[in-house]
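**Q** Structure below; questions to follow.
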Amino acid sequence: MPETTAKPWGETKFVGKPIPRVDGYERVSGTAEYPSDVVLPNMLHAAILRCPHGQAQVKRVDLAKAREMPGVRAVLSDADKEAQIPWYAPPGSPGSTGSPTASRLFDPHCRFEGEEIAAVAAETPQQAWDAVRAIRAEYNVLPSVVDMEEALKPGAPAVQESGNRWGAPRETKRGDVAQGFAEADVVLEETYRTSCEIHTPSEIHGSVVRWDGDHLTVWDTNQGPFGIQAPLAAAMSLPLSKVRVISHYMGGGFGSKLNLGKYTVIAAVLARKTGRPVRLFLTREESFRAVGNRPAHIMKLKAGVKKDGTLTALQLTGLGEVGAYPAGTSVGYQVGDLYRCPNVLISESQAFINAGPNRAFRAPGFPQCSWALEQMMDALAEKIGMDPVEFRIKNYSAVCQMQQNKPYTSAGLRECLTEGARAFNWKDARLRSKGSGPWVRGVGVAAGMWGSQSGPPSTVRVSLYPDGSASLNMGAADLGTGTKTVMALVVAEELGVPLDRIQIENADTGTTEFTRPSGGSKTVFADSPAVRSAALEVKARVLEMAAAQLKLPVTDLAFQEGAIVAQGGTRKLAVRELTQLRAQQVVVGVGVRGPDPVDKVVRPFVAQFAEVEVNIRTGETRVLRLVAAHDSGRVMDLLTYRSQVIGGLTMGIGFALTERRIMDAVTGKMANANCHDYKIPTAKDVPADKTVIPIDLHDTECNTTGTKGIGEPATIPTAAAIANAFYHATGIRITAAPITPANVLTLLEERRKRG
Amino acid sequence: MRKSIRERESRTGLSRRRFFNSVASGAAEAAILTVPGAVAAEAAVGQAADGNMVKTVLDINGRSHSLSVEPRWTLLYVLRDRLGLMGTKASCERGECGACTVLIDGAARYACMTLAVEATGAEITTVEGLMRGEELGPVQQAFVEEDAFQCGHCTSGQVVSVEALLRKTPQPSIEQIREGVSGNVCRCGAYANIFRAVQKAAELRKGGR
Ligand code: FES
Ligand code: FES
């Protein structure tokens, strides 16, 4: 059934209620089987030797001793023909455009600490690591560069032969910024910096692989098995039909598990070599270096505003890290779209450095941009004496300026700001005494939007059985975002089947329908309309059966709460009474995602409010409370919706206050590749007081479920709101994230010296 | 009668307490106290018949398991890879995250920082051991109701830490709750819901669940 014919929901019975997860029992009882829990008979364990230098040429890898170690069944290095697999966008592959270099699975030129050199498979993990330690590798250590500004200076060590600048600067231009600045009453300019952040999901990256003849099965911790299947098939030169990837559960990804990892391919080659299944999971240290990050950014932002609060010009010059191989992140979008501004110039450059390449990280580029743009908005508001909330509302845009001024299907930024401010008690909080020290308090606001991607393709199957139970078949993984629960709610809503009577089959390329991996907050946005369409098709078939059986026109019948009711409620037929269904045992509905609207743009919006206290003696910053108001369209499950926002806020606290990859400039190595020195927020670092306010403008145009995506917006402006609250508390503009005690004390000292 | 860790310590003359640092003191502190496996391995090899494998008996979730282990094997490795108790999760394996938390003689400990041989004679409880048959225990139930997780990978460890907390402090304050789970990192960031779940679990336990 074409998805577009579905009418918007009115009153709902299941959708939008706070409903516990369908797989909650499995996740809390320890019975959920994550890929890292998969144990196969006769399975070997693998481990990887990695380059210990910032940059080096491998001279020699001596595997002789490792081969002889107890329990070792296979060793693998670049000397093995089967391991000579192209990597990092080799020429001719999709994504190779602009790729300056090709590399290999075990490339002799290691461009960052942690690049793969060799691997071992042994009977136990301990034996595998013993053997890795027995490998003798000789290196020609090369100079390295780990700072993006240094990397672009003449004479800097070359990360890539083609130069350390990746591509030409990307420009986005609208109007004339020079004229805009000339018209402004106030022009401000500031340089903002954000630090490199590491995903560090709880379940570390890895796979378990098994060959059955020429058929490869992989249990992999990822954000969608179809995103792994295709590149894995290409790397192993197998047809898609011979590669099955399964990811029923996974322990967090945040963007870092959208890509195929070298570890999967290494495990597959080792498994083929040994004729045995292989498990290869990385250690936490390895995951810090080799499986992605949110790159550091330097953002020079210039802004012009009139006294009445009208923005006249925005100019962003951005420089971002790429890491050692092409993988860019753009930060400019919100500068060009969030606020109405006729004159915009965005210019972005990216530099290679000797560090692990970046990967998508929850709203790639957006929290970085917010850090700059939202602090700038705060500073402009102060200069013209306007309330920061009012100032943002004044510059609200109802059209998408980055897409030819097309209107949005819904744009709740104003509502986010006003409702959020009300819940936060903004006006009073802003006037409250800040305290006399050593703890001083302040409040701040920041807004944001997410540029979600398009929806299709996505196919989903819903089956209804004669006993009234149903099953749902979809390719999407559930990252812990509640995907399974949300999709089951759609089935329940349409077919009246209670959640505990819905069986879900998902995230398995061998048995489930295709969808794209979960990234960009688009899983519910893309897949829930397909689920609805499949359920509606089931409904239509059931009504046809009932019409034939009751000898009534279909138009006289309705499907309500799992039964067929004739108009006026005169006759009722339970699903189990349908003779045709009993004969065929199942009715299957196939749903596909319809196209996105063409003349309108779908975007989620957000405004977040923070209260912090800062100790002006020790430099500590504490977040006391947060309010997050989100227009992400319809809430599908209030419980998992809130959890996503709460999680995004926590991550934003880390980005604002504690998280930062530290690279040693001399050795080119990462200095804090562990969760002790790289600090993720703990229970002691987050407020218990987090309020989530869903704003639902009943968007009937974005898709047939009215959803716009919540996962990434939740973390976009958090750090900026905290920075603005920090400024309100201290009067110090902290332009470099994270706001560490050391940074704060330095700034306090500078102010003291200035008098 | 089961010997306490302290008794066994004095019996062998080895300082083993450091393997059982309380996770409640926080991930950071526990990490500082990391002891190289080699130290303990040497000690245990002394007792080994063949110098490589040691016979041991582990009391897990009320059942006794006899098995041979390498002295360097962690309790985490033995639980998961040798006994198939996959509810206890492996993550950092260096005492920084709490995913592997189990109860040892009723206190929350990092299984990745505990050698299997060191846990001999102690009462070990994993997340599986907190079930009431097929039913969820009160802490688990509260986690589901409050949606105190997202991916669920840190959750076994959180649940076990909360169990330890509530056994000692049946009605914890918010600060005691923070302290109780401060050794358990949740990258999905579910802390605010975890705090609520602990309060709910305290109620459920009071109600005799
Ligand atoms: S503390 Fe044991 S796995 Fe992290
Ligand atoms: S629920 Fe994912 S890390 Fe805690």
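Naming works like this for the structure tokens: A, B, ... for the chains as they're shown, residue 1 at the start of each chain, ligands 1 onward in shown order.
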Once you count only C-alpha atoms and all ligand atoms, which residues end up within 6 Å of ligand 1, and could you hand them over as a count of residues only?
**A** 14
**Q** With only C-alpha atoms and all ligand atoms counted and 10 Å as the cut-off, give the residues of chain A in contact with ligand 2, each with its shortest interatomic distance in Å and the pair that gives it, as JSON lines.
**A**
{"residue": "A:Arg27", "atom": "CA", "partner": "ligand 2", "partner_atom_place_in_ligand_line": "1 (S)", "distance": 9.1}
{"residue": "A:Val28", "atom": "CA", "partner": "ligand 2", "partner_atom_place_in_ligand_line": "1 (S)", "distance": 9.9}
{"residue": "A:Thr200", "atom": "CA", "partner": "ligand 2", "partner_atom_place_in_ligand_line": "3 (S)", "distance": 9.3}
{"residue": "A:Pro201", "atom": "CA", "partner": "ligand 2", "partner_atom_place_in_ligand_line": "3 (S)", "distance": 6.5}
{"residue": "A:Ser202", "atom": "CA", "partner": "ligand 2", "partner_atom_place_in_ligand_line": "3 (S)", "distance": 4.9}
{"residue": "A:Glu203", "atom": "CA", "partner": "ligand 2", "partner_atom_place_in_ligand_line": "3 (S)", "distance": 7.8}
{"residue": "A:Met250", "atom": "CA", "partner": "ligand 2", "partner_atom_place_in_ligand_line": "2 (Fe)", "distance": 9.0}
{"residue": "A:Gly251", "atom": "CA", "partner": "ligand 2", "partner_atom_place_in_ligand_line": "2 (Fe)", "distance": 5.9}
{"residue": "A:Gly252", "atom": "CA", "partner": "ligand 2", "partner_atom_place_in_ligand_line": "2 (Fe)", "distance": 5.7}
{"residue": "A:Gly253", "atom": "CA", "partner": "ligand 2", "partner_atom_place_in_ligand_line": "2 (Fe)", "distance": 9.1}
{"residue": "A:Leu479", "atom": "CA", "partner": "ligand 2", "partner_atom_place_in_ligand_line": "2 (Fe)", "distance": 8.6}
{"residue": "A:Gly480", "atom": "CA", "partner": "ligand 2", "partner_atom_place_in_ligand_line": "2 (Fe)", "distance": 6.9}
{"residue": "A:Thr481", "atom": "CA", "partner": "ligand 2", "partner_atom_place_in_ligand_line": "2 (Fe)", "distance": 9.6}
{"residue": "A:Ser643", "atom": "CA", "partner": "ligand 2", "partner_atom_place_in_ligand_line": "1 (S)", "distance": 9.8}
{"residue": "A:Gly647", "atom": "CA", "partner": "ligand 2", "partner_atom_place_in_ligand_line": "1 (S)", "distance": 9.0}
**Q** Keeping C-alpha atoms, export the residues of the selection given above as a PDB file, in the first residue's frame.
**A**
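New file again36.pdb:
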ATOM      1  CA  ARG A  27      18.469  -6.118  28.559  1.00  0.00           C
ATOM      2  CA  VAL A  28      18.210  -6.116  32.358  1.00  0.00           C
ATOM      3  CA  THR A 200      33.573   5.087  23.635  1.00  0.00           C
ATOM      4  CA  PRO A 201      30.406   2.980  23.473  1.00  0.00           C
ATOM      5  CA  SER A 202      30.094   0.473  26.303  1.00  0.00           C
ATOM      6  CA  GLU A 203      30.319  -2.495  23.990  1.00  0.00           C
ATOM      7  CA  MET A 250      24.448  -3.755  20.246  1.00  0.00           C
ATOM      8  CA  GLY A 251      26.020  -1.838  23.084  1.00  0.00           C
ATOM      9  CA  GLY A 252      26.032   1.729  21.783  1.00  0.00           C
ATOM     10  CA  GLY A 253      27.613   3.299  18.735  1.00  0.00           C
ATOM     11  CA  LEU A 479      20.870   0.912  19.347  1.00  0.00           C
ATOM     12  CA  GLY A 480      19.106   1.293  22.638  1.00  0.00           C
ATOM     13  CA  THR A 481      17.108   4.120  21.163  1.00  0.00           C
ATOM     14  CA  SER A 643      15.732   8.645  27.637  1.00  0.00           C
ATOM     15  CA  GLY A 647      21.346  10.678  27.209  1.00  0.00           C
TER      16      GLY A 647
END
**Q** Select, from A:Gly71, A:Gly16, A:Gly356, A:Pro125, the residue with the minimum atom-to-atom distance to Thr74 of chain B, counting only C-alpha atoms.
**A** A:Pro125
**Q** Skip Ile177 of chain B itself and residues of its chain fewer than 5 positions away, then list as a VMD selection string all residues within 10 Å of it, counting only C-alpha atoms.
**A** (chain A and resid 683 to 684) or (chain B and resid 161 to 162 165 to 166 169 171 to 172 182 194 to 196 198 to 199)
**Q** How close does each residue of chain B get to chain A, giving the shortest atom pair and distance in Å to one decimal for every residue with an atom at most 8 Å away, counting only C-alpha atoms, sorted by chain and residue number, as a tab-separated table?
**A**
residue	atom	partner	partner_atom	distance
B:Ala27	CA	A:His676	CA	7.5
B:Ala28	CA	A:His676	CA	5.7
B:Ala31	CA	A:His676	CA	7.1
B:Arg80	CA	A:Asp37	CA	7.9
B:Asp81	CA	A:Val39	CA	7.9
B:Met86	CA	A:Asp37	CA	5.9
B:Gly87	CA	A:Gly30	CA	3.7
B:Thr88	CA	A:Gly30	CA	7.0
B:Ala90	CA	A:Glu203	CA	7.6
B:Ser91	CA	A:Glu203	CA	5.8
B:Cys92	CA	A:Arg284	CA	5.0
B:Glu93	CA	A:Arg284	CA	7.8
B:Glu96	CA	A:Cys675	CA	6.0
B:Cys97	CA	A:Cys675	CA	7.4
B:Ala99	CA	A:Ser202	CA	7.7
B:Val127	CA	A:Gly30	CA	6.4
B:Glu128	CA	A:Ser29	CA	6.3
B:Met131	CA	A:Ser29	CA	7.0
B:Leu136	CA	A:Ser29	CA	6.8
B:Gln140	CA	A:Val28	CA	5.7
B:Phe143	CA	A:Val28	CA	7.3
B:Val144	CA	A:Gly24	CA	5.6
B:Glu145	CA	A:Pro20	CA	6.1
B:Glu146	CA	A:Pro20	CA	7.9
B:Asp147	CA	A:Pro20	CA	6.6
B:Ala148	CA	A:Ser643	CA	7.8
B:Phe149	CA	A:Ser643	CA	7.6
B:Gln150	CA	A:Gly480	CA	4.1
B:Cys151	CA	A:Gly480	CA	3.7
B:Gly152	CA	A:Arg27	CA	5.3
B:His153	CA	A:Gly251	CA	5.0
B:Cys154	CA	A:Ser202	CA	6.4
B:Thr155	CA	A:Val28	CA	6.2
B:Ser156	CA	A:Val28	CA	6.2
B:Val159	CA	A:Val28	CA	7.7
B:Arg178	CA	A:Ala683	CA	5.4
B:Glu179	CA	A:Lys684	CA	7.2
B:Val181	CA	A:Ala683	CA	6.5
B:Ser182	CA	A:Ala683	CA	5.2
B:Gly183	CA	A:Thr682	CA	7.8
B:Asn184	CA	A:Thr682	CA	7.3
B:Val185	CA	A:Thr682	CA	5.5
B:Cys186	CA	A:Thr682	CA	7.1
B:Arg187	CA	A:Pro201	CA	6.1
B:Cys188	CA	A:Gly647	CA	5.3
B:Gly189	CA	A:Gly647	CA	4.1
B:Ala190	CA	A:Gly647	CA	5.6
B:Tyr191	CA	A:Ala683	CA	5.8
B:Ala192	CA	A:Ala688	CA	4.8
B:Asn193	CA	A:Ser643	CA	7.6
B:Phe195	CA	A:Ala688	CA	7.2
**Q** Since we have the selection now, will you write its residues out, keeping N, CA and C atoms, as a short mmCIF file (atom, residue, chain, number, x, y, z; two decimals), in the first residue's frame?
**A**
data_model
loop_
_atom_site.label_atom_id
_atom_site.label_comp_id
_atom_site.auth_asym_id
_atom_site.auth_seq_id
_atom_site.Cartn_x
_atom_site.Cartn_y
_atom_site.Cartn_z
N ALA B 27 35.15 4.72 39.61
CA ALA B 27 35.96 4.11 38.58
C ALA B 27 37.40 4.58 38.66
N ALA B 28 37.56 5.86 38.88
CA ALA B 28 38.89 6.42 38.84
C ALA B 28 39.79 5.82 39.91
N ALA B 31 40.83 2.26 39.31
CA ALA B 31 41.83 2.12 38.25
C ALA B 31 43.24 2.33 38.77
N ARG B 80 32.39 -15.50 31.77
CA ARG B 80 31.84 -15.37 30.42
C ARG B 80 32.30 -16.48 29.49
N ASP B 81 33.60 -16.65 29.41
CA ASP B 81 34.12 -17.54 28.37
C ASP B 81 34.21 -19.00 28.80
N MET B 86 26.95 -14.92 30.36
CA MET B 86 27.22 -13.74 29.54
C MET B 86 26.52 -12.48 30.04
N GLY B 87 25.75 -12.60 31.10
CA GLY B 87 25.07 -11.41 31.63
C GLY B 87 26.07 -10.38 32.13
N THR B 88 27.16 -10.83 32.70
CA THR B 88 28.22 -9.93 33.13
C THR B 88 28.97 -9.47 31.89
N ALA B 90 31.74 -7.46 29.40
CA ALA B 90 33.14 -7.06 29.31
C ALA B 90 33.22 -5.76 28.54
N SER B 91 33.92 -4.78 29.08
CA SER B 91 34.10 -3.54 28.31
C SER B 91 35.56 -3.12 28.41
N CYS B 92 35.92 -2.26 29.35
CA CYS B 92 37.30 -1.77 29.39
C CYS B 92 38.29 -2.84 29.83
N GLU B 93 37.85 -3.76 30.65
CA GLU B 93 38.70 -4.81 31.24
C GLU B 93 39.93 -4.23 31.92
N GLU B 96 37.76 0.47 34.81
CA GLU B 96 37.41 1.87 34.60
C GLU B 96 35.93 2.12 34.33
N CYS B 97 35.15 1.07 34.14
CA CYS B 97 33.79 1.34 33.67
C CYS B 97 32.69 0.66 34.46
N ALA B 99 31.19 -2.25 33.83
CA ALA B 99 30.31 -3.14 33.07
C ALA B 99 30.35 -4.56 33.63
N VAL B 127 24.51 -10.89 37.59
CA VAL B 127 23.17 -10.37 37.30
C VAL B 127 22.17 -11.52 37.15
N GLU B 128 22.62 -12.64 36.62
CA GLU B 128 21.71 -13.79 36.49
C GLU B 128 21.21 -14.24 37.85
N MET B 131 17.93 -12.72 39.47
CA MET B 131 16.60 -13.09 38.99
C MET B 131 15.88 -13.90 40.07
N LEU B 136 11.96 -10.98 37.01
CA LEU B 136 13.00 -10.01 37.31
C LEU B 136 13.04 -9.73 38.81
N GLN B 140 16.02 -5.00 38.87
CA GLN B 140 15.84 -5.15 37.42
C GLN B 140 14.49 -4.60 36.98
N PHE B 143 14.51 -0.91 36.88
CA PHE B 143 15.24 -0.39 35.72
C PHE B 143 14.36 -0.41 34.47
N VAL B 144 13.56 -1.46 34.31
CA VAL B 144 12.68 -1.51 33.14
C VAL B 144 11.62 -0.42 33.24
N GLU B 145 11.01 -0.31 34.41
CA GLU B 145 9.90 0.64 34.56
C GLU B 145 10.36 2.09 34.38
N GLU B 146 11.56 2.40 34.86
CA GLU B 146 12.06 3.78 34.75
C GLU B 146 12.88 3.99 33.49
N ASP B 147 13.00 2.97 32.65
CA ASP B 147 13.81 3.04 31.44
C ASP B 147 15.21 3.57 31.77
N ALA B 148 15.84 2.91 32.72
CA ALA B 148 17.12 3.39 33.27
C ALA B 148 18.32 2.90 32.45
N PHE B 149 18.14 2.85 31.15
CA PHE B 149 19.22 2.39 30.27
C PHE B 149 18.81 2.73 28.85
N GLN B 150 19.78 2.65 27.95
CA GLN B 150 19.43 2.67 26.53
C GLN B 150 19.95 1.39 25.89
N CYS B 151 21.25 1.35 25.58
CA CYS B 151 21.75 0.14 24.91
C CYS B 151 21.71 -1.06 25.84
N GLY B 152 21.78 -0.82 27.14
CA GLY B 152 21.69 -1.93 28.10
C GLY B 152 23.01 -2.63 28.37
N HIS B 153 24.08 -2.18 27.74
CA HIS B 153 25.33 -2.92 27.90
C HIS B 153 25.99 -2.68 29.25
N CYS B 154 25.77 -1.49 29.82
CA CYS B 154 26.33 -1.22 31.15
C CYS B 154 25.38 -1.70 32.24
N THR B 155 24.19 -2.12 31.84
CA THR B 155 23.08 -2.27 32.78
C THR B 155 23.28 -3.40 33.80
N SER B 156 23.83 -4.52 33.36
CA SER B 156 24.08 -5.60 34.34
C SER B 156 24.91 -5.07 35.48
N VAL B 159 22.90 -2.66 37.69
CA VAL B 159 21.93 -3.39 38.50
C VAL B 159 22.63 -4.04 39.69
N ARG B 178 24.23 8.34 43.97
CA ARG B 178 25.32 8.76 43.07
C ARG B 178 26.61 8.02 43.41
N GLU B 179 26.90 7.97 44.69
CA GLU B 179 28.11 7.31 45.15
C GLU B 179 28.05 5.81 44.80
N VAL B 181 26.58 4.22 42.40
CA VAL B 181 26.77 3.82 41.00
C VAL B 181 27.90 4.62 40.34
N SER B 182 28.69 5.32 41.15
CA SER B 182 29.73 6.16 40.56
C SER B 182 30.85 5.34 39.91
N GLY B 183 30.90 4.07 40.22
CA GLY B 183 31.89 3.21 39.57
C GLY B 183 31.37 2.56 38.31
N ASN B 184 30.18 2.96 37.89
CA ASN B 184 29.56 2.36 36.70
C ASN B 184 29.28 3.45 35.67
N VAL B 185 30.08 3.46 34.63
CA VAL B 185 29.90 4.46 33.58
C VAL B 185 28.76 4.04 32.65
N CYS B 186 27.90 4.98 32.33
CA CYS B 186 26.87 4.73 31.32
C CYS B 186 27.07 5.71 30.19
N ARG B 187 27.61 5.25 29.07
CA ARG B 187 27.88 6.15 27.97
C ARG B 187 26.59 6.63 27.31
N CYS B 188 25.55 5.81 27.42
CA CYS B 188 24.26 6.26 26.90
C CYS B 188 23.70 7.37 27.78
N GLY B 189 24.28 7.55 28.97
CA GLY B 189 23.93 8.72 29.79
C GLY B 189 22.61 8.63 30.52
N ALA B 190 22.23 7.44 30.94
CA ALA B 190 20.91 7.24 31.54
C ALA B 190 20.85 7.58 33.03
N TYR B 191 21.87 8.26 33.56
CA TYR B 191 21.98 8.45 35.02
C TYR B 191 20.70 8.97 35.68
N ALA B 192 20.10 10.00 35.10
CA ALA B 192 18.93 10.59 35.76
C ALA B 192 17.85 9.52 35.96
N ASN B 193 17.69 8.65 34.98
CA ASN B 193 16.71 7.57 35.12
C ASN B 193 17.21 6.49 36.07
N PHE B 195 18.92 7.04 38.74
CA PHE B 195 18.63 7.55 40.10
C PHE B 195 17.18 7.23 40.46
#
**Q** One decimal, in Å: what's the spacing between atom CA of Val612 of chain A and atom CA of Asp378 of chain A?
**A** 15.9 Å
**Q** As JSON, numbers by chain, which residues of segment 115-171 of chain B does DSSP assign to helix (DSSP H, G or I)?
**A** {"B": [116, 117, 118, 119, 127, 128, 129, 130, 138, 139, 140, 141, 142, 143, 144, 145, 155, 156, 157, 158, 159, 160, 161, 162, 163, 164, 165, 166, 167, 168]}
**Q** Find the distance between atom CA of Glu321 of chain A and atom CA of Arg359 of chain A and write it in Å to one decimal.
**A**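 Answer for the atom CA of Glu321 of chain A to atom CA of Arg359 of chain A separation: 11.3 Å.
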**Q** Work out how far apart atom CA of Lys600 of chain A and atom CA of Leu311 of chain A are and give it in Å to one decimal.
**A** 24.2 Å
